[in-house]
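> upload-v3.txt is reproduced in full below (compact mmCIF, C-alpha atoms).
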```txt
# COMPACT_ATOMS: atom_id res chain seq x y z
CA MET A 1394 0.00 0.00 0.00
CA ARG A 1395 1.49 3.33 -1.08
CA GLU A 1396 1.83 5.94 1.66
CA LYS A 1397 -0.36 8.96 0.97
CA GLN A 1398 1.34 12.28 0.28
CA LYS A 1399 -0.25 15.43 1.70
CA ALA A 1400 -1.10 18.14 -0.82
CA LEU A 1401 -2.27 21.69 -1.17
CA ILE A 1402 -4.51 22.13 -4.23
CA VAL A 1403 -4.57 25.44 -6.09
CA GLY A 1404 -7.08 26.65 -8.67
CA VAL A 1405 -7.47 29.86 -10.66
CA ASN A 1406 -11.03 30.75 -11.66
CA ILE A 1407 -10.82 32.68 -14.93
CA ASN A 1408 -13.72 35.14 -15.36
CA HIS A 1409 -15.96 33.45 -12.76
CA GLN A 1410 -16.63 30.10 -14.46
CA ALA A 1411 -19.83 28.52 -13.11
CA ASP A 1412 -18.39 25.00 -13.05
CA PHE A 1413 -15.19 26.01 -11.22
CA PRO A 1414 -16.18 24.56 -7.77
CA TYR A 1415 -16.93 21.19 -9.43
CA SER A 1416 -13.58 21.34 -11.23
CA MET A 1417 -11.81 21.72 -7.86
CA THR A 1418 -13.78 18.80 -6.38
CA GLU A 1419 -12.75 16.72 -9.38
CA LEU A 1420 -9.10 17.76 -8.89
CA GLU A 1421 -9.34 16.41 -5.32
CA ASN A 1422 -10.75 13.12 -6.69
CA LEU A 1423 -7.94 12.91 -9.25
CA ALA A 1424 -5.41 13.49 -6.46
CA ALA A 1425 -7.04 10.74 -4.36
CA ALA A 1426 -6.73 8.38 -7.34
CA CYS A 1427 -2.97 9.12 -7.25
CA HIS A 1428 -2.80 8.30 -3.51
CA ILE A 1429 -2.53 12.00 -2.61
CA GLU A 1430 -4.47 13.39 0.36
CA VAL A 1431 -5.69 16.97 -0.05
CA VAL A 1432 -5.23 18.85 3.24
CA ALA A 1433 -5.78 22.45 2.08
CA GLU A 1434 -7.11 24.46 -0.87
CA ILE A 1435 -6.44 27.89 -2.35
CA THR A 1436 -8.54 29.49 -5.10
CA GLN A 1437 -8.19 32.83 -6.82
CA ASN A 1438 -10.43 34.80 -9.21
CA LEU A 1439 -8.44 36.33 -12.07
CA ASN A 1440 -9.09 37.64 -15.57
CA ARG A 1441 -6.19 35.55 -16.85
CA ILE A 1442 -3.65 33.11 -15.44
CA ASN A 1443 -0.40 34.63 -14.14
CA LYS A 1444 2.16 33.76 -16.83
CA SER A 1445 5.13 33.46 -14.50
CA HIS A 1446 3.64 31.95 -11.32
CA TYR A 1447 0.10 30.72 -12.24
CA MET A 1448 -1.33 32.69 -9.25
CA GLY A 1449 -0.73 36.14 -7.78
CA THR A 1450 1.96 37.07 -5.21
CA GLY A 1451 -0.56 37.44 -2.37
CA LYS A 1452 -1.80 33.89 -2.92
CA ILE A 1453 1.79 32.60 -3.02
CA GLU A 1454 2.34 34.03 0.48
CA GLU A 1455 -0.92 32.40 1.62
CA ALA A 1456 0.28 29.09 0.11
CA LYS A 1457 3.57 29.32 2.03
CA ARG A 1458 1.67 29.73 5.32
CA LEU A 1459 -0.70 26.82 4.55
CA LEU A 1460 2.17 24.53 3.55
CA GLU A 1461 3.88 25.20 6.88
CA GLU A 1462 0.67 24.71 8.88
CA THR A 1463 -0.41 21.47 7.16
CA ASP A 1464 3.05 20.00 6.48
CA ALA A 1465 1.96 19.31 2.88
CA GLY A 1466 4.79 18.08 0.67
CA VAL A 1467 3.27 18.74 -2.75
CA VAL A 1468 1.28 21.47 -4.52
CA VAL A 1469 -1.27 20.41 -7.16
CA CYS A 1470 -2.55 23.01 -9.66
CA ASN A 1471 -5.86 22.75 -11.50
CA ASP A 1472 -4.47 23.61 -14.96
CA GLU A 1473 -1.62 22.53 -17.18
CA LEU A 1474 1.46 24.54 -16.19
CA SER A 1475 4.38 25.67 -18.30
CA ALA A 1476 7.98 24.78 -17.43
CA THR A 1477 8.50 28.39 -16.23
CA GLN A 1478 5.45 28.31 -13.93
CA ILE A 1479 6.55 24.98 -12.39
CA ARG A 1480 10.13 26.22 -11.86
CA ASN A 1481 9.05 29.57 -10.35
CA LEU A 1482 6.47 27.99 -8.03
CA GLU A 1483 8.93 25.33 -6.83
CA GLU A 1484 11.51 28.07 -6.09
CA GLU A 1485 8.98 30.20 -4.19
CA LEU A 1486 7.24 27.39 -2.26
CA ASP A 1487 10.16 24.96 -1.85
CA ARG A 1488 7.80 22.07 -2.65
CA LYS A 1489 7.24 19.72 -5.55
CA VAL A 1490 4.63 21.22 -7.93
CA ILE A 1491 2.48 19.09 -10.23
CA ASP A 1492 -0.41 20.03 -12.51
CA ARG A 1493 -3.75 18.48 -13.44
CA THR A 1494 -2.31 16.97 -16.64
CA LEU A 1495 0.42 15.08 -14.78
CA LEU A 1496 -2.14 13.71 -12.31
CA ILE A 1497 -4.25 12.32 -15.16
CA LEU A 1498 -1.16 10.89 -16.88
CA ASP A 1499 -0.16 9.15 -13.62
CA ILE A 1500 -3.63 7.61 -13.22
CA PHE A 1501 -3.56 6.40 -16.84
CA ALA A 1502 -0.08 4.93 -16.36
CA GLU A 1503 -1.26 2.97 -13.31
CA ARG A 1504 -4.49 1.72 -14.93
CA ALA A 1505 -3.19 0.78 -18.41
CA LYS A 1506 -3.21 -3.01 -18.77
CA THR A 1507 -2.73 -3.83 -22.47
CA ARG A 1508 0.49 -3.12 -24.32
CA GLU A 1509 -1.30 -0.64 -26.62
CA ALA A 1510 -2.70 1.40 -23.71
CA GLN A 1511 0.69 1.37 -21.95
CA LEU A 1512 2.44 2.62 -25.09
CA GLN A 1513 -0.17 5.34 -25.64
CA VAL A 1514 0.22 6.61 -22.07
CA GLU A 1515 4.02 6.54 -22.26
CA VAL A 1516 4.03 8.54 -25.53
CA ALA A 1517 1.70 11.13 -23.98
CA ARG A 1518 3.86 11.34 -20.83
CA LEU A 1519 7.09 11.84 -22.79
CA LYS A 1520 5.51 14.51 -25.01
CA TYR A 1521 4.32 16.29 -21.86
CA MET A 1522 7.86 16.09 -20.39
CA LEU A 1523 9.68 17.30 -23.50
CA PRO A 1524 9.14 21.07 -23.06
CA ARG A 1525 9.45 20.72 -19.28
CA ILE A 1526 12.95 19.29 -18.94
CA ILE A 1527 14.07 21.72 -16.32
CA GLY A 1528 16.53 19.70 -14.26
CA SER A 1529 17.23 20.53 -10.63
CA ARG A 1530 18.99 23.84 -10.00
CA GLU A 1531 21.94 22.10 -8.34
CA SER A 1532 22.75 19.66 -11.18
CA LEU A 1533 22.55 22.01 -14.15
CA GLY A 1534 25.75 23.89 -13.54
CA ARG A 1535 26.54 27.34 -14.87
CA GLN A 1536 25.83 27.78 -18.57
CA GLY A 1537 28.87 29.04 -20.43
CA GLY A 1538 28.91 31.82 -22.99
CA GLY A 1539 30.29 31.83 -26.51
CA ALA A 1540 29.33 29.88 -29.59
CA GLY A 1541 29.60 26.14 -30.19
CA LEU A 1542 29.01 23.14 -27.97
CA LYS A 1543 32.50 23.24 -26.42
CA ASN A 1544 31.85 26.48 -24.57
CA ARG A 1545 28.39 25.58 -23.29
CA GLY A 1546 27.76 24.80 -19.64
CA ALA A 1547 27.24 21.23 -18.49
CA GLY A 1548 23.59 22.01 -17.76
CA GLU A 1549 22.71 23.06 -21.30
CA THR A 1550 24.54 20.07 -22.77
CA LYS A 1551 22.70 17.71 -20.40
CA LEU A 1552 19.33 19.24 -21.39
CA GLU A 1553 20.04 18.72 -25.08
CA LEU A 1554 21.07 15.11 -24.49
CA ASP A 1555 17.94 14.46 -22.40
CA ARG A 1556 15.76 16.05 -25.07
CA ARG A 1557 17.31 13.92 -27.82
CA LYS A 1558 16.89 10.77 -25.72
CA ILE A 1559 13.21 11.54 -25.18
CA GLU A 1560 12.61 12.30 -28.86
CA ALA A 1561 14.28 9.01 -29.85
CA LYS A 1562 12.21 7.11 -27.28
CA ILE A 1563 8.97 8.67 -28.60
CA ALA A 1564 9.91 7.62 -32.15
CA ASP A 1565 10.58 4.02 -31.03
CA LEU A 1566 7.31 3.79 -29.11
CA ASN A 1567 5.35 5.23 -32.04
CA LYS A 1568 6.82 2.56 -34.36
CA GLU A 1569 5.62 -0.17 -31.99
CA LEU A 1570 2.24 1.52 -31.70
CA GLU A 1571 1.85 1.67 -35.49
CA ILE A 1572 2.05 -2.15 -35.67
CA LEU A 1573 -0.67 -2.51 -33.00
CA VAL A 1574 -2.83 0.12 -34.73
CA LEU A 1575 -2.55 -1.79 -38.03
CA GLN A 1576 -3.64 -4.99 -36.25
CA ARG A 1577 -6.61 -3.13 -34.76
CA GLU A 1578 -7.54 -1.74 -38.20
CA THR A 1579 -7.38 -5.25 -39.72
CA ARG A 1580 -9.75 -6.57 -37.05
CA ARG A 1581 -12.02 -3.57 -37.58
CA SER A 1582 -12.24 -4.04 -41.37
CA GLN A 1583 -12.91 -7.77 -40.86
CA ARG A 1584 -15.84 -6.90 -38.60
CA LYS A 1585 -17.14 -4.42 -41.18
CA LYS A 1586 -17.08 -7.19 -43.80
CA ASN A 1587 -19.27 -9.33 -41.55
CA GLY A 1588 -21.93 -6.62 -41.75
CA ILE A 1589 -22.67 -6.63 -38.00
CA PRO A 1590 -23.34 -3.08 -36.71
CA LEU A 1591 -20.89 -1.59 -34.21
CA ILE A 1592 -22.12 0.46 -31.24
CA SER A 1593 -19.73 2.40 -29.00
CA LEU A 1594 -20.27 3.41 -25.38
CA VAL A 1595 -18.92 6.90 -24.74
CA GLY A 1596 -19.16 9.28 -21.79
CA TYR A 1597 -17.49 10.92 -18.83
CA THR A 1598 -15.26 8.77 -16.65
CA ASN A 1599 -17.14 6.73 -14.03
CA ALA A 1600 -20.55 7.25 -15.71
CA GLY A 1601 -21.16 3.47 -15.81
CA LYS A 1602 -20.22 2.44 -19.36
CA SER A 1603 -18.62 -0.85 -18.27
CA THR A 1604 -21.60 -1.63 -15.99
CA ILE A 1605 -23.98 -1.21 -18.95
CA MET A 1606 -21.74 -3.40 -21.11
CA ASN A 1607 -21.70 -6.17 -18.49
CA ALA A 1608 -25.49 -5.95 -18.06
CA LEU A 1609 -25.86 -6.55 -21.82
CA LEU A 1610 -23.29 -9.38 -21.74
CA ARG A 1611 -25.24 -11.14 -18.98
CA ARG A 1612 -28.41 -10.92 -21.06
CA SER A 1613 -26.46 -12.28 -24.00
CA HIS A 1614 -25.47 -15.27 -21.78
CA GLN A 1615 -21.77 -14.52 -22.23
CA SER A 1616 -19.41 -16.24 -19.80
CA PRO A 1617 -18.06 -14.08 -16.93
CA SER A 1618 -14.61 -14.27 -18.57
CA LYS A 1619 -15.97 -12.02 -21.34
CA HIS A 1620 -17.12 -9.36 -18.87
CA VAL A 1621 -15.15 -6.11 -18.66
CA PHE A 1622 -13.61 -4.60 -15.54
CA GLU A 1623 -16.01 -2.31 -13.68
CA LYS A 1624 -15.39 -0.32 -10.53
CA ASP A 1625 -16.62 2.92 -8.98
CA MET A 1626 -13.46 4.90 -9.71
CA LEU A 1627 -12.01 7.34 -12.24
CA PHE A 1628 -10.64 5.78 -15.45
CA ALA A 1629 -11.38 2.15 -14.55
CA THR A 1630 -11.40 1.41 -18.32
CA LEU A 1631 -8.50 2.43 -20.55
CA ASP A 1632 -8.47 -0.52 -22.94
CA THR A 1633 -11.15 -0.71 -25.61
CA SER A 1634 -13.08 -3.98 -25.44
CA VAL A 1635 -15.34 -5.19 -28.25
CA ARG A 1636 -17.96 -7.85 -27.53
CA LYS A 1637 -20.71 -9.44 -29.63
CA ILE A 1638 -24.19 -9.03 -28.12
CA LYS A 1639 -26.86 -11.50 -29.26
CA LEU A 1640 -30.16 -11.18 -27.45
CA ALA A 1641 -33.38 -13.14 -27.92
CA ASN A 1642 -35.65 -11.65 -30.62
CA HIS A 1643 -32.94 -9.21 -31.71
CA GLN A 1644 -30.30 -9.20 -34.42
CA PRO A 1645 -26.74 -9.23 -33.02
CA PHE A 1646 -24.51 -6.19 -32.74
CA LEU A 1647 -20.96 -5.45 -31.60
CA LEU A 1648 -20.51 -3.26 -28.54
CA SER A 1649 -17.29 -1.44 -27.68
CA ASP A 1650 -16.36 0.14 -24.35
CA THR A 1651 -14.07 3.18 -24.57
CA VAL A 1652 -11.88 5.25 -22.25
CA GLY A 1653 -13.90 7.80 -20.24
CA PHE A 1654 -13.46 11.51 -20.77
CA VAL A 1655 -12.69 14.17 -18.16
CA ASP A 1656 -12.64 17.98 -18.14
CA LYS A 1657 -9.34 19.39 -19.44
CA LEU A 1658 -8.33 15.97 -20.75
CA PRO A 1659 -4.67 16.47 -21.73
CA HIS A 1660 -4.23 17.16 -25.44
CA HIS A 1661 -1.32 14.68 -25.72
CA LEU A 1662 -3.50 12.00 -24.15
CA VAL A 1663 -6.37 12.58 -26.60
CA LYS A 1664 -3.85 12.40 -29.44
CA ALA A 1665 -2.15 9.28 -28.05
CA PHE A 1666 -5.47 7.47 -27.58
CA ARG A 1667 -6.77 8.46 -31.01
CA SER A 1668 -6.26 4.93 -32.40
CA THR A 1669 -8.27 3.46 -29.52
CA LEU A 1670 -10.96 6.11 -29.86
CA GLU A 1671 -11.19 5.37 -33.59
CA GLU A 1672 -13.18 2.31 -32.52
CA ALA A 1673 -15.93 4.83 -31.70
CA ALA A 1674 -15.23 6.82 -34.90
CA THR A 1675 -16.26 3.83 -37.05
CA ALA A 1676 -19.39 3.05 -35.00
CA ASP A 1677 -22.88 3.01 -36.49
CA LEU A 1678 -24.30 4.38 -33.24
CA LEU A 1679 -22.98 5.94 -30.01
CA ILE A 1680 -24.50 5.36 -26.58
CA HIS A 1681 -23.63 8.45 -24.55
CA VAL A 1682 -23.72 7.25 -20.93
CA VAL A 1683 -24.48 10.02 -18.43
CA ASP A 1684 -24.13 9.88 -14.63
CA PHE A 1685 -27.60 11.29 -13.97
CA SER A 1686 -27.01 11.25 -10.20
CA SER A 1687 -24.41 14.03 -10.54
CA SER A 1688 -25.71 17.56 -9.96
CA HIS A 1689 -23.26 18.61 -12.70
CA TYR A 1690 -24.47 16.07 -15.28
CA GLU A 1691 -25.15 18.79 -17.91
CA ASN A 1692 -21.52 19.93 -17.68
CA LEU A 1693 -20.35 16.29 -18.00
CA ILE A 1694 -22.46 15.95 -21.18
CA ASN A 1695 -20.91 19.14 -22.60
CA VAL A 1696 -17.34 17.97 -21.85
CA THR A 1697 -18.00 14.61 -23.57
CA ASN A 1698 -19.60 16.28 -26.61
CA HIS A 1699 -16.69 18.74 -26.84
CA THR A 1700 -14.15 15.87 -26.70
CA LEU A 1701 -16.07 13.89 -29.35
CA LYS A 1702 -16.01 16.97 -31.59
CA GLU A 1703 -12.27 17.44 -30.94
CA ILE A 1704 -11.52 13.90 -32.18
CA GLY A 1705 -13.91 14.24 -35.11
CA ILE A 1706 -16.69 11.83 -34.12
CA ASP A 1707 -19.59 14.22 -33.61
CA HIS A 1708 -21.43 13.10 -36.78
CA ILE A 1709 -22.61 9.65 -35.57
CA PRO A 1710 -26.21 9.17 -34.30
CA VAL A 1711 -26.42 9.19 -30.48
CA ILE A 1712 -28.63 7.58 -27.84
CA TYR A 1713 -28.45 9.11 -24.34
CA ALA A 1714 -28.44 6.60 -21.47
CA TYR A 1715 -29.13 8.48 -18.23
CA ASN A 1716 -27.56 5.97 -15.86
CA LYS A 1717 -27.72 5.88 -12.02
CA SER A 1718 -31.34 7.12 -12.19
CA ASP A 1719 -31.94 5.16 -8.98
CA LEU A 1720 -29.71 7.69 -7.18
CA ALA A 1721 -31.31 10.69 -8.87
CA ASP A 1722 -34.77 10.28 -7.32
CA VAL A 1723 -36.58 10.14 -10.68
CA GLU A 1724 -38.97 7.67 -12.23
CA PHE A 1725 -37.22 4.96 -14.24
CA PRO A 1726 -37.10 3.09 -16.58
CA VAL A 1727 -38.50 5.81 -18.82
CA VAL A 1728 -37.93 6.34 -22.54
CA LYS A 1729 -38.17 9.82 -24.07
CA GLY A 1730 -37.28 9.77 -27.76
CA ARG A 1731 -33.58 8.86 -27.97
CA CYS A 1732 -33.11 9.12 -24.19
CA VAL A 1733 -33.55 6.27 -21.71
CA TYR A 1734 -33.43 6.67 -17.92
CA LEU A 1735 -32.03 3.51 -16.33
CA SER A 1736 -29.96 1.91 -13.60
CA ALA A 1737 -27.36 -0.49 -14.99
CA LYS A 1738 -26.36 -1.60 -11.48
CA GLN A 1739 -29.97 -2.60 -10.68
CA ASP A 1740 -30.36 -4.02 -14.22
CA VAL A 1741 -33.44 -1.86 -14.76
CA GLY A 1742 -33.99 -0.15 -18.12
CA ILE A 1743 -31.56 -2.35 -20.09
CA GLU A 1744 -34.43 -3.91 -22.09
CA GLU A 1745 -35.65 -0.42 -23.01
CA LEU A 1746 -32.12 0.54 -24.08
CA VAL A 1747 -31.90 -2.52 -26.33
CA ASP A 1748 -35.25 -1.64 -27.95
CA ILE A 1749 -33.99 1.87 -28.78
CA ILE A 1750 -30.73 0.39 -30.17
CA SER A 1751 -32.68 -2.01 -32.38
CA GLY A 1752 -34.93 0.79 -33.59
CA GLN A 1753 -31.89 2.84 -34.59
CA ILE A 1754 -29.58 0.30 -36.23
CA PHE A 1755 -32.06 -2.24 -37.56
CA LYS A 1756 -34.48 0.24 -39.12
CA ASN A 1757 -35.21 -1.79 -42.23
CA PRO A 1758 -34.54 -5.46 -41.48
CA ILE A 1759 -35.34 -7.80 -44.37
CA HIS A 1760 -38.05 -10.28 -43.42
CA CYS A 1761 -37.83 -13.53 -45.42
CA GLU A 1762 -38.05 -17.31 -45.36
CA MET A 1763 -35.11 -19.55 -46.22
CA LEU A 1764 -35.05 -23.27 -46.90
CA ILE A 1765 -31.62 -24.66 -46.08
CA PRO A 1766 -30.62 -28.25 -47.06
CA PHE A 1767 -29.91 -30.56 -44.11
CA ASP A 1768 -26.28 -30.99 -45.18
CA ASP A 1769 -25.69 -27.22 -44.78
CA GLY A 1770 -26.19 -27.08 -41.01
CA ARG A 1771 -23.42 -24.50 -40.66
CA LEU A 1772 -25.62 -21.88 -42.35
CA VAL A 1773 -28.47 -22.60 -39.92
CA HIS A 1774 -26.00 -22.04 -37.07
CA TYR A 1775 -24.70 -18.84 -38.73
CA LEU A 1776 -28.19 -17.36 -39.09
CA ASN A 1777 -29.07 -18.22 -35.50
CA GLU A 1778 -25.95 -16.32 -34.44
CA ASN A 1779 -26.13 -13.41 -36.90
CA ALA A 1780 -29.82 -12.81 -37.65
CA ASN A 1781 -33.10 -12.74 -35.76
CA VAL A 1782 -34.62 -16.19 -36.34
CA LEU A 1783 -38.36 -15.87 -35.75
CA SER A 1784 -39.32 -19.51 -36.36
CA THR A 1785 -37.77 -22.86 -37.35
CA SER A 1786 -39.50 -25.84 -38.95
CA TYR A 1787 -38.25 -29.03 -40.62
CA GLU A 1788 -39.44 -29.84 -44.13
CA ASP A 1789 -38.74 -32.97 -46.21
CA ASN A 1790 -35.85 -31.31 -48.04
CA GLY A 1791 -34.33 -29.05 -45.38
CA THR A 1792 -34.70 -26.63 -42.45
CA LYS A 1793 -37.09 -23.73 -43.00
CA LEU A 1794 -36.26 -20.52 -41.17
CA THR A 1795 -38.29 -17.32 -40.92
CA VAL A 1796 -35.69 -14.61 -40.34
CA GLU A 1797 -35.03 -10.90 -40.07
CA CYS A 1798 -31.56 -10.26 -41.50
CA ASN A 1799 -29.42 -7.48 -42.89
CA GLN A 1800 -29.09 -6.61 -46.59
CA ASP A 1801 -25.63 -8.26 -46.88
CA ASP A 1802 -26.84 -11.67 -45.63
CA PHE A 1803 -30.01 -11.46 -47.69
CA GLU A 1804 -27.98 -10.97 -50.89
CA LYS A 1805 -25.31 -13.54 -49.92
CA TYR A 1806 -27.85 -16.34 -49.26
CA GLN A 1807 -30.38 -15.36 -51.94
CA GLU A 1808 -30.38 -18.92 -53.36
CA TYR A 1809 -32.05 -20.24 -50.18
CA VAL A 1810 -34.83 -17.61 -50.08
CA VAL A 1811 -38.26 -19.12 -50.80
```
If you took the structure in this file and wrote it as C-alpha cells, what would it be?

Amino acid sequence: MREKQKALIVGVNINHQADFPYSMTELENLAAACHIEVVAEITQNLNRINKSHYMGTGKIEEAKRLLEETDAGVVVCNDELSATQIRNLEEELDRKVIDRTLLILDIFAERAKTREAQLQVEVARLKYMLPRIIGSRESLGRQGGGAGLKNRGAGETKLELDRRKIEAKIADLNKELEILVLQRETRRSQRKKNGIPLISLVGYTNAGKSTIMNALLRRSHQSPSKHVFEKDMLFATLDTSVRKIKLANHQPFLLSDTVGFVDKLPHHLVKAFRSTLEEAATADLLIHVVDFSSSHYENLINVTNHTLKEIGIDHIPVIYAYNKSDLADVEFPVVKGRCVYLSAKQDVGIEELVDIISGQIFKNPIHCEMLIPFDDGRLVHYLNENANVLSTSYEDNGTKLTVECNQDDFEKYQEYVV
C-alpha cells in the first residue's frame, strides 16, 4: 500500500466560471486516485492566469503559510502549467509542484493493462515532459557563454542530451504503436465485412459504461470471462473492449467500451489514444452514458460532446443513457425519444435501451423465409448467431427458417430464399 502524500490544491477561476467549484472537487478526486491526500485548498479569481507563477503574489504568500501549517509536501494546480510556472512555483514554495495533466497521466499509467494502452500513455507522458525538462537547479551547472558546444555549460549540454533521448524514445514507441494500430484496423475491417453493426459506449469517466456493457453481456449469456472490468473509480477502463451481443428476438450487434473523458483531458493523451478512440469513430451508433445522479451532469455531457467533436466523431447518431437514475430520485425506466433513464447496477432499463438500439440500427430489417438443405447445417447455425430467427421448422428437403436479416446476408444467401 502506497503511503499517501499530503497536498495543497490550487485553482485559478478565470472570469468566474460557473463549473469552477466542481472542477476543484474533481481535482481532489484525481489526487485521491494518485494516492494524494488533499489537506488544504487555495482558489483565486483572475481575468487571466499569471504567466510566471500561475497565481498572484498574495496567494503565493498564503500558500507558504498553509504549507507550513499542514506540512503538505506537494502542490497540485488545477491547470496545465508551463515549465516556467513549475520552476518559479517550486523556487517560491520549496515544494514539488504538479499540474492536473500530470495527475491524469499518472492515473492512466497505473491503470493501463494492455500493451497498446501502456504505449499510448508513455508517448503522452514523454511529449508532456519534452518542453518541461528543467533539471534541478543544483545539477545544471553554470551555462557558459560563446558559440559552439565546447563552450556551453554542463547544464545546457545535459538538457540537449535528455531532449534527444526523449525524442528518440517517442519515435521508437510510435513505431511499436503503429504495428498494433494496423492490427486493430485489420480486425475492424474484418468486422465491417461481416456486416454486423458496431455500437460504442462513450461518456465521462465513471458514468457506468462498463456496468452497462456487463449488463448486456449477462443478457447475451456470455461467460463471466468475457465481462469487462467495472469499478466505482475514475478511469477504470482504458483498454477498448469489443464484444458481440446476441439477445433473444434481436439481431446481433458489436458493442465497444471506450476510455472515459474528463474535463481538461490532456491534449497529448487525446492524441495518443486516437487509435483506440477510432473504434468509436467507425461506430454506427454511439450510446452516450451520463451519470444522472451528478448535480453537474449537464456539464459532464458538454465535456463529452466537446471531446467527441475534438476527435472528429460528432457526426454519428447518439442515444443518451441516463444511468444511475436510482440515485437521482426520478422515475425509471422511462424512454423519451432517444433518451432512456435507467440503472445499470440494478439491471433496470436495459431492455428499453436494447429496444432503442434495435430501432436505430435495424431500421429496415429484411423479413424472409429460407429453406436450407440438411447438409448445410453450418448456415443454420450462422443465421441463428447473426440474424433474428423468428421460427424454425423441418421440411422434407431441409430446415425452413423465418428470419429478419441485414441486406448483406439477404444478398449472400439469396439462393435459399423461398
> Let me make sure I understand: among A:Lys1657, A:Arg1612, A:Lys1602, A:Arg1636, which one has the smallest atom-to-atom distance to Val1682 in chain A if we use all atoms listed in the file?
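Among A:Lys1657, A:Arg1612, A:Lys1602, A:Arg1636, it is A:Lys1602 that comes nearest to Val1682 in chain A.
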> For each of A:Gly1730, A:Lys1558, A:Arg1667, A:Leu1498, take the minimum atom-to-atom distance to Glu1571 in chain A, counting all atoms listed in the file, then give the residue where this is smallest.
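Residue with the minimum atom-to-atom distance to Glu1571 in chain A: A:Arg1667.
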> Measure the distance from CA of Asn1781 in chain A to CA of Ile1592 in chain A in Å and round it to one decimal.
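So the two atoms, CA of Asn1781 in chain A and CA of Ile1592 in chain A, lie 17.8 Å apart.
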> Which one is closest to Lys1568 in chain A: A:Val1516, A:Tyr1787, A:Val1403, A:Lys1444? Count all atoms listed in the file.
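Looking at the shortest contact to Lys1568 in chain A, the residue is A:Val1516.
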> Which value, in Å to one decimal, gives the distance between CA of Gln1753 in chain A and CA of Ser1616 in chain A?
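Taking CA of Gln1753 in chain A as the start and CA of Ser1616 in chain A as the end point, the length is 27.2 Å.
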> Between A:Gly1601, A:Gly1596, A:Pro1524, A:Gly1588, which is the closest to Leu1735 in chain A once you count only C-alpha atoms?
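Smallest separation from Leu1735 in chain A among the options: A:Gly1601.
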> Which is closest to Ile1754 in chain A among A:Ser1686, A:Leu1647, A:Ala1714, A:Ala1673, if we use only C-alpha atoms?
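Ranked by minimum distance to Ile1754 in chain A, first place goes to A:Leu1647.
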> Fewer than 2 positions away in the same chain doesn't count, so skip those; otherwise give me all residues within 8 Å of range 1477-1494 of chain A, counting all atoms listed in the file, as a ChimeraX atom specification.
/A:1420,1444-1447,1453,1456-1457,1466-1475,1496-1498,1527,1657-1659
> Please determine, counting only C-alpha atoms, which residue among A:Tyr1521, A:Tyr1734, A:Phe1501, A:Phe1767 has the shortest atom-to-atom distance to Phe1654 in chain A.
A:Phe1501
> Which residues are near range 1791-1803 of chain A? Cut-off 10 Å, only C-alpha atoms, ignore same chain within fewer than 2 positions. Put them as a PyMOL selection string.
chain A and resi 1586-1590+1642-1645+1755-1770+1773+1776-1777+1779-1789+1805-1811
> Got a sec to check which residues sit within 12 Å of (-4.6, 9.0, -26.4), counting all atoms listed in the file, and write them as a VMD selection string?
chain A and resid 1497 to 1498 1501 to 1502 1505 1509 to 1518 1520 1570 1631 to 1633 1651 to 1654 1658 to 1671 1700 1704
> I need the residues from that last selection saved to file as an mmCIF file, keeping the file's coordinate frame (with C-alpha atoms), if you can.

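Below is the file result_13.cif, written as the result:
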```
data_model
loop_
_atom_site.group_PDB
_atom_site.id
_atom_site.type_symbol
_atom_site.label_atom_id
_atom_site.label_comp_id
_atom_site.auth_asym_id
_atom_site.auth_seq_id
_atom_site.Cartn_x
_atom_site.Cartn_y
_atom_site.Cartn_z
ATOM 1 C CA ILE A 1497 -4.250 12.320 -15.160
ATOM 2 C CA LEU A 1498 -1.160 10.890 -16.880
ATOM 3 C CA PHE A 1501 -3.560 6.400 -16.840
ATOM 4 C CA ALA A 1502 -0.080 4.930 -16.360
ATOM 5 C CA ALA A 1505 -3.190 0.780 -18.410
ATOM 6 C CA GLU A 1509 -1.300 -0.640 -26.620
ATOM 7 C CA ALA A 1510 -2.700 1.400 -23.710
ATOM 8 C CA GLN A 1511 0.690 1.370 -21.950
ATOM 9 C CA LEU A 1512 2.440 2.620 -25.090
ATOM 10 C CA GLN A 1513 -0.170 5.340 -25.640
ATOM 11 C CA VAL A 1514 0.220 6.610 -22.070
ATOM 12 C CA GLU A 1515 4.020 6.540 -22.260
ATOM 13 C CA VAL A 1516 4.030 8.540 -25.530
ATOM 14 C CA ALA A 1517 1.700 11.130 -23.980
ATOM 15 C CA ARG A 1518 3.860 11.340 -20.830
ATOM 16 C CA LYS A 1520 5.510 14.510 -25.010
ATOM 17 C CA LEU A 1570 2.240 1.520 -31.700
ATOM 18 C CA LEU A 1631 -8.500 2.430 -20.550
ATOM 19 C CA ASP A 1632 -8.470 -0.520 -22.940
ATOM 20 C CA THR A 1633 -11.150 -0.710 -25.610
ATOM 21 C CA THR A 1651 -14.070 3.180 -24.570
ATOM 22 C CA VAL A 1652 -11.880 5.250 -22.250
ATOM 23 C CA GLY A 1653 -13.900 7.800 -20.240
ATOM 24 C CA PHE A 1654 -13.460 11.510 -20.770
ATOM 25 C CA LEU A 1658 -8.330 15.970 -20.750
ATOM 26 C CA PRO A 1659 -4.670 16.470 -21.730
ATOM 27 C CA HIS A 1660 -4.230 17.160 -25.440
ATOM 28 C CA HIS A 1661 -1.320 14.680 -25.720
ATOM 29 C CA LEU A 1662 -3.500 12.000 -24.150
ATOM 30 C CA VAL A 1663 -6.370 12.580 -26.600
ATOM 31 C CA LYS A 1664 -3.850 12.400 -29.440
ATOM 32 C CA ALA A 1665 -2.150 9.280 -28.050
ATOM 33 C CA PHE A 1666 -5.470 7.470 -27.580
ATOM 34 C CA ARG A 1667 -6.770 8.460 -31.010
ATOM 35 C CA SER A 1668 -6.260 4.930 -32.400
ATOM 36 C CA THR A 1669 -8.270 3.460 -29.520
ATOM 37 C CA LEU A 1670 -10.960 6.110 -29.860
ATOM 38 C CA GLU A 1671 -11.190 5.370 -33.590
ATOM 39 C CA THR A 1700 -14.150 15.870 -26.700
ATOM 40 C CA ILE A 1704 -11.520 13.900 -32.180
#
```
> Quick one: residues within 9 Å of Ala1400 in chain A, all atoms listed in the file, excluding same-chain residues fewer than 2 positions away - as a PyMOL selection string?
chain A and resi 1398+1402+1424+1429-1434+1460+1463-1469
> Need the shell around Lys1452 in chain A: protein/DNA/RNA residues with any atom at most 10 Å away, counting all atoms listed in the file. Skip same-chain ones fewer than 2 positions apart. Format as a PyMOL selection string?
chain A and resi 1403+1435-1437+1448-1450+1454-1458
